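A quick write-up on the structure given underneath.
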Amino acid sequence: MLRNLKTIYRETDKPERMLEVLNRMLLVAPDATAELLERGIVYQRLECYRAALKDLSDYVEREPEARHGRGARQADGVSARCARLN
């Protein structure tokens with residue numbers, strides 16, 4: 001059910017609702033790295049940069065092969081944005 005809701009909220013462009021679903025999914029399955037990456041991206045979209053950086057960094061740490069992929073690039077971008085905000 002949560003996966004269906006996640007898809008619906010992604011397709012209807014409702015990031016706040018999608019975030020709620022991702023939070024629930026990670027409560028049920030805290031090791032779900034795909035959802036962690038997705039939540040980091042949603043946080044970034046909502047301009048919650050510190051939360052995004054934490055999720056994206058945790059994702060890259062959990063998925064060593066992701067160090068050169070999307071998660072790492074996202075984390076680098078968010079990290080730079082956080083540095084500019086300070």
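Here's how to read the names in the structure tokens: chain A, B, ... by the order shown, residue numbers from 1 in each chain, ligand numbers from 1 in the order shown.
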Taking the DSSP assignment computed from this structure's backbone, write out as a PyMOL selection string all residues of stretch 4-72 of chain A that belong to helix (DSSP H, G or I).
chain A and resi 4-11+15-28+33-45+49-62+64-68+70-72
Atoms kept (C-alpha atoms) for selection, written as an mmCIF file, in the first residue's frame:
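Now in out-v2.cif:
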```cif
data_model
loop_
_atom_site.group_PDB
_atom_site.id
_atom_site.type_symbol
_atom_site.label_atom_id
_atom_site.label_comp_id
_atom_site.auth_asym_id
_atom_site.auth_seq_id
_atom_site.Cartn_x
_atom_site.Cartn_y
_atom_site.Cartn_z
ATOM 1 C CA ASN A 4 1.345 2.539 -4.283
ATOM 2 C CA LEU A 5 0.918 5.789 -2.375
ATOM 3 C CA LYS A 6 4.533 6.726 -3.040
ATOM 4 C CA THR A 7 4.007 6.222 -6.757
ATOM 5 C CA ILE A 8 0.763 8.201 -6.754
ATOM 6 C CA TYR A 9 2.328 11.140 -4.909
ATOM 7 C CA ARG A 10 5.374 11.098 -7.180
ATOM 8 C CA GLU A 11 3.204 11.085 -10.301
ATOM 9 C CA PRO A 15 6.397 15.948 -2.461
ATOM 10 C CA GLU A 16 5.076 16.712 1.039
ATOM 11 C CA ARG A 17 2.754 13.714 0.914
ATOM 12 C CA MET A 18 5.478 11.571 -0.621
ATOM 13 C CA LEU A 19 7.757 12.526 2.273
ATOM 14 C CA GLU A 20 5.132 11.317 4.757
ATOM 15 C CA VAL A 21 4.948 7.964 2.972
ATOM 16 C CA LEU A 22 8.741 7.622 2.777
ATOM 17 C CA ASN A 23 9.006 8.345 6.509
ATOM 18 C CA ARG A 24 6.534 5.545 7.207
ATOM 19 C CA MET A 25 8.337 3.176 4.854
ATOM 20 C CA LEU A 26 11.635 3.837 6.621
ATOM 21 C CA LEU A 27 10.008 3.247 10.013
ATOM 22 C CA VAL A 28 8.882 -0.181 8.829
ATOM 23 C CA THR A 33 18.333 2.244 0.979
ATOM 24 C CA ALA A 34 16.268 3.080 -2.125
ATOM 25 C CA GLU A 35 13.725 4.883 0.055
ATOM 26 C CA LEU A 36 16.523 6.655 1.922
ATOM 27 C CA LEU A 37 17.875 7.990 -1.371
ATOM 28 C CA GLU A 38 14.426 9.009 -2.505
ATOM 29 C CA ARG A 39 13.681 10.764 0.792
ATOM 30 C CA GLY A 40 16.942 12.678 0.507
ATOM 31 C CA ILE A 41 15.944 13.836 -2.955
ATOM 32 C CA VAL A 42 12.495 14.863 -1.721
ATOM 33 C CA TYR A 43 14.050 16.779 1.186
ATOM 34 C CA GLN A 44 16.312 18.542 -1.302
ATOM 35 C CA ARG A 45 13.334 19.449 -3.459
ATOM 36 C CA TYR A 49 19.035 20.780 2.828
ATOM 37 C CA ARG A 50 20.464 19.475 6.109
ATOM 38 C CA ALA A 51 17.960 16.601 6.235
ATOM 39 C CA ALA A 52 18.668 15.911 2.551
ATOM 40 C CA LEU A 53 22.408 15.852 3.166
ATOM 41 C CA LYS A 54 22.027 13.414 6.054
ATOM 42 C CA ASP A 55 19.875 10.993 4.061
ATOM 43 C CA LEU A 56 22.030 11.202 0.947
ATOM 44 C CA SER A 57 25.247 10.775 2.927
ATOM 45 C CA ASP A 58 23.771 7.808 4.791
ATOM 46 C CA TYR A 59 22.714 6.308 1.477
ATOM 47 C CA VAL A 60 26.206 6.611 -0.009
ATOM 48 C CA GLU A 61 27.705 5.143 3.177
ATOM 49 C CA ARG A 62 25.339 2.146 3.064
ATOM 50 C CA PRO A 64 29.486 1.695 -1.465
ATOM 51 C CA GLU A 65 28.874 1.195 -5.191
ATOM 52 C CA ALA A 66 26.797 4.416 -5.124
ATOM 53 C CA ARG A 67 29.854 6.549 -4.356
ATOM 54 C CA HIS A 68 30.143 7.451 -8.033
ATOM 55 C CA ARG A 70 23.344 9.579 -8.389
ATOM 56 C CA GLY A 71 23.361 9.562 -4.585
ATOM 57 C CA ALA A 72 26.915 10.850 -4.396
#
```
